Amino acid sequence: MKIDIVSVFPEYFEVMNLSLMGKAQAKGLLEIKAHNLRDWTHDVHHSVDDTPVGGGAGMVMKPEVWSECLDELLGFSQPSGSPAPSGAPVLIFPNPSAPLFTQRDATELSHADHLLFGCGRYEGYDARIPDYYRAQGVDVREYSIGDYVLNGGEVAVSVMLEAITRLMPGFMGNPDSIVEESYTGEGALLEHRQYTKPAVWRGIAVPDVLLSGDHGKVDRFRRDEALARTAEIRPDLIAALDCKALDKADRKTLMALGWEVSATHPRRLAD
Ligand code: SAM
């Protein structure tokens, strides 16, 4: 997968050379290139921002600089009116006022050949930029990584990239480690709790069943714990389950937790 990132702080992405992301680059699975947006400016100050039209605090990223940069990285030979080049990357802008980025988005994007991220700064980027490229036929996405505001898009891009790239075939040493994770697949739940050795640490023992060697019992214990944790922390995920996909033991557990499981989706009885 090819990944281009545009930022006024491209050095930020030097961390991508570390750990699993660095190994994936060394193996040729990933090719990450960070570009400095200021390389597409023409003025002596290399300015990328201007005051907001309509007034207000802060500065907004200028569309002209972004469009020169994006036309080149997207492969548009003519700046306007030309259709999106075939094989153009998916263009992604982090934005706190956009829909939330989820594991489902990460899974979908892990199959892309080429992603291009544009990091906002200041009060953000001129709203016409994503609109313009959408109208040109580019697959443009805007995502928030959570209900809080960061100084810039660099951290958000790093978060999305970690989530996307670890799902690429060949990225993880042990591919099984991504199969049963939180938020993963149909019927996604929060994961059960994890333990390692020693069996007793500072007087706290791991649950006996995990030492029993009985895989059936271990699986059931973990599944029940996942259902209980999800019901407590993210009841919205329980309410989204398909009751037909629940087995008898799942239903029993959910009923004991106060959920009704006879309709299409579980419903909390207290509601
Ligand atoms: N004025 C904007 C607002 O209130 O929605 C905040 C702009 S923020 C200071 C600057 C840039 O940081 C944004 O353009 C975006 O690229 C990035 N950013 C900040 N918070 C983010 C979040 N929760 N998710 C994704 N990107 C975020």
# chains A, B, ... in the order shown; residues from 1 in each chain; ligands from 1

call {"tool": "residues_near_ligand", "arguments": {"ligand": "ligand 1", "cutoff": "8 Å", "atoms": "only C-alpha atoms and all ligand atoms", "output": "PyMOL selection string"}}
result
chain A and resi 93-98+100+118-125+143-157

call {"tool": "residues_around", "arguments": {"residues": "A:Ala256", "least_positions_apart": "2", "cutoff": "12 Å", "atoms": "only C-alpha atoms", "output": "list in words"}}
result
Asp224, Leu227, Ala228, Ala231, Ala249, Asp250, Arg251, Lys252, Thr253, Leu254, Gly258, Trp259, Glu260, Val261, Arg268 and Leu269 of chain A

call {"tool": "closest_atom_pairs", "arguments": {"of": "stretch 61-86 of chain A", "to": "stretch 6-24 of chain A", "cutoff": "12 Å", "atoms": "only C-alpha atoms", "output": "Markdown table"}}
result
| residue | atom | partner | partner_atom | distance |
| --- | --- | --- | --- | --- |
| A:Met61 | CA | A:Val8 | CA | 10.7 |
| A:Val65 | CA | A:Val6 | CA | 11.3 |
| A:Trp66 | CA | A:Val6 | CA | 9.1 |
| A:Ser67 | CA | A:Val6 | CA | 11.7 |
| A:Glu68 | CA | A:Val6 | CA | 11.9 |
| A:Cys69 | CA | A:Val6 | CA | 8.4 |
| A:Leu70 | CA | A:Val6 | CA | 8.8 |
| A:Glu72 | CA | A:Val6 | CA | 11.8 |
| A:Leu73 | CA | A:Val6 | CA | 9.5 |
| A:Leu74 | CA | A:Val6 | CA | 11.9 |

call {"tool": "write_last_selection", "arguments": {"atoms": "all heavy atoms", "output": "short mmCIF file (atom, residue, chain, number, x, y, z; two decimals), in the first residue's frame"}}
result
data_model
loop_
_atom_site.label_atom_id
_atom_site.label_comp_id
_atom_site.auth_asym_id
_atom_site.auth_seq_id
_atom_site.Cartn_x
_atom_site.Cartn_y
_atom_site.Cartn_z
N MET A 61 -6.86 27.21 6.46
CA MET A 61 -5.90 26.80 5.42
C MET A 61 -6.43 27.14 4.03
O MET A 61 -7.58 26.83 3.70
CB MET A 61 -5.60 25.31 5.55
CG MET A 61 -4.91 24.99 6.86
SD MET A 61 -4.38 23.29 6.96
CE MET A 61 -2.63 23.48 6.72
N VAL A 65 -3.22 26.62 -2.15
CA VAL A 65 -2.00 25.84 -1.88
C VAL A 65 -2.34 24.35 -1.87
O VAL A 65 -1.67 23.53 -2.49
CB VAL A 65 -1.38 26.23 -0.52
CG1 VAL A 65 -0.09 25.48 -0.28
CG2 VAL A 65 -1.16 27.73 -0.44
N TRP A 66 -3.43 24.03 -1.18
CA TRP A 66 -3.85 22.63 -1.12
C TRP A 66 -4.13 22.08 -2.52
O TRP A 66 -3.76 20.95 -2.84
CB TRP A 66 -5.11 22.47 -0.24
CG TRP A 66 -4.78 22.26 1.20
CD1 TRP A 66 -4.92 23.17 2.21
CD2 TRP A 66 -4.25 21.07 1.79
NE1 TRP A 66 -4.50 22.61 3.40
CE2 TRP A 66 -4.09 21.33 3.17
CE3 TRP A 66 -3.88 19.83 1.31
CZ2 TRP A 66 -3.59 20.39 4.06
CZ3 TRP A 66 -3.38 18.87 2.20
CH2 TRP A 66 -3.23 19.17 3.55
N SER A 67 -4.79 22.89 -3.37
CA SER A 67 -5.17 22.33 -4.68
C SER A 67 -3.94 22.08 -5.54
O SER A 67 -3.89 21.10 -6.28
CB SER A 67 -6.19 23.20 -5.39
OG SER A 67 -5.67 24.50 -5.57
N GLU A 68 -2.94 22.96 -5.45
CA GLU A 68 -1.72 22.70 -6.25
C GLU A 68 -1.08 21.39 -5.81
O GLU A 68 -0.64 20.57 -6.61
CB GLU A 68 -0.72 23.85 -6.08
CG GLU A 68 -1.10 25.03 -6.93
CD GLU A 68 0.10 25.92 -7.24
OE1 GLU A 68 1.23 25.41 -7.35
OE2 GLU A 68 -0.13 27.12 -7.37
N CYS A 69 -1.04 21.23 -4.50
CA CYS A 69 -0.44 20.01 -3.92
C CYS A 69 -1.26 18.77 -4.28
O CYS A 69 -0.73 17.77 -4.78
CB CYS A 69 -0.37 20.21 -2.41
SG CYS A 69 -0.09 18.71 -1.50
N LEU A 70 -2.57 18.85 -4.07
CA LEU A 70 -3.41 17.67 -4.29
C LEU A 70 -3.53 17.32 -5.77
O LEU A 70 -3.55 16.14 -6.12
CB LEU A 70 -4.79 17.87 -3.65
CG LEU A 70 -4.77 18.01 -2.11
CD1 LEU A 70 -6.17 18.31 -1.59
CD2 LEU A 70 -4.23 16.74 -1.45
N GLU A 72 -1.30 17.54 -7.92
CA GLU A 72 -0.07 16.80 -8.27
C GLU A 72 -0.10 15.39 -7.67
O GLU A 72 0.14 14.40 -8.36
CB GLU A 72 1.15 17.58 -7.76
CG GLU A 72 2.45 16.94 -8.20
CD GLU A 72 3.66 17.74 -7.73
OE1 GLU A 72 3.60 18.99 -7.64
OE2 GLU A 72 4.69 17.09 -7.43
N LEU A 73 -0.44 15.29 -6.38
CA LEU A 73 -0.38 13.97 -5.73
C LEU A 73 -1.50 13.04 -6.18
O LEU A 73 -1.37 11.82 -6.13
CB LEU A 73 -0.37 14.12 -4.22
CG LEU A 73 0.85 14.86 -3.64
CD1 LEU A 73 0.75 14.96 -2.13
CD2 LEU A 73 2.16 14.15 -4.02
N LEU A 74 -2.62 13.64 -6.61
CA LEU A 74 -3.72 12.80 -7.11
C LEU A 74 -3.52 12.42 -8.57
O LEU A 74 -4.22 11.56 -9.10
CB LEU A 74 -5.06 13.55 -6.98
CG LEU A 74 -5.63 13.68 -5.57
CD1 LEU A 74 -6.70 14.77 -5.53
CD2 LEU A 74 -6.22 12.36 -5.08
#

call {"tool": "select_by_dssp", "arguments": {"residues": "stretch 74-129 of chain A", "states": "helix (DSSP H, G or I)", "output": "ChimeraX atom specification"}}
result
/A:74,103-109,128-129

call {"tool": "atom_distance", "arguments": {"atom1": "atom CA of A:Lys244", "atom2": "atom CA of A:Ala226"}}
result
18.2 Å

call {"tool": "closest_residue", "arguments": {"among": "A:Asp49, A:Asp219, A:Pro89, A:Ala163", "to": "A:Thr102", "atoms": "only C-alpha atoms"}}
result
A:Ala163

call {"tool": "closest_residue", "arguments": {"among": "A:Thr107, A:Leu116, A:Glu64, A:Met160", "to": "A:Ala34", "atoms": "only C-alpha atoms"}}
result
A:Leu116

call {"tool": "atom_distance", "arguments": {"atom1": "atom CA of A:Pro63", "atom2": "atom CA of A:Arg128"}}
result
7.3 Å
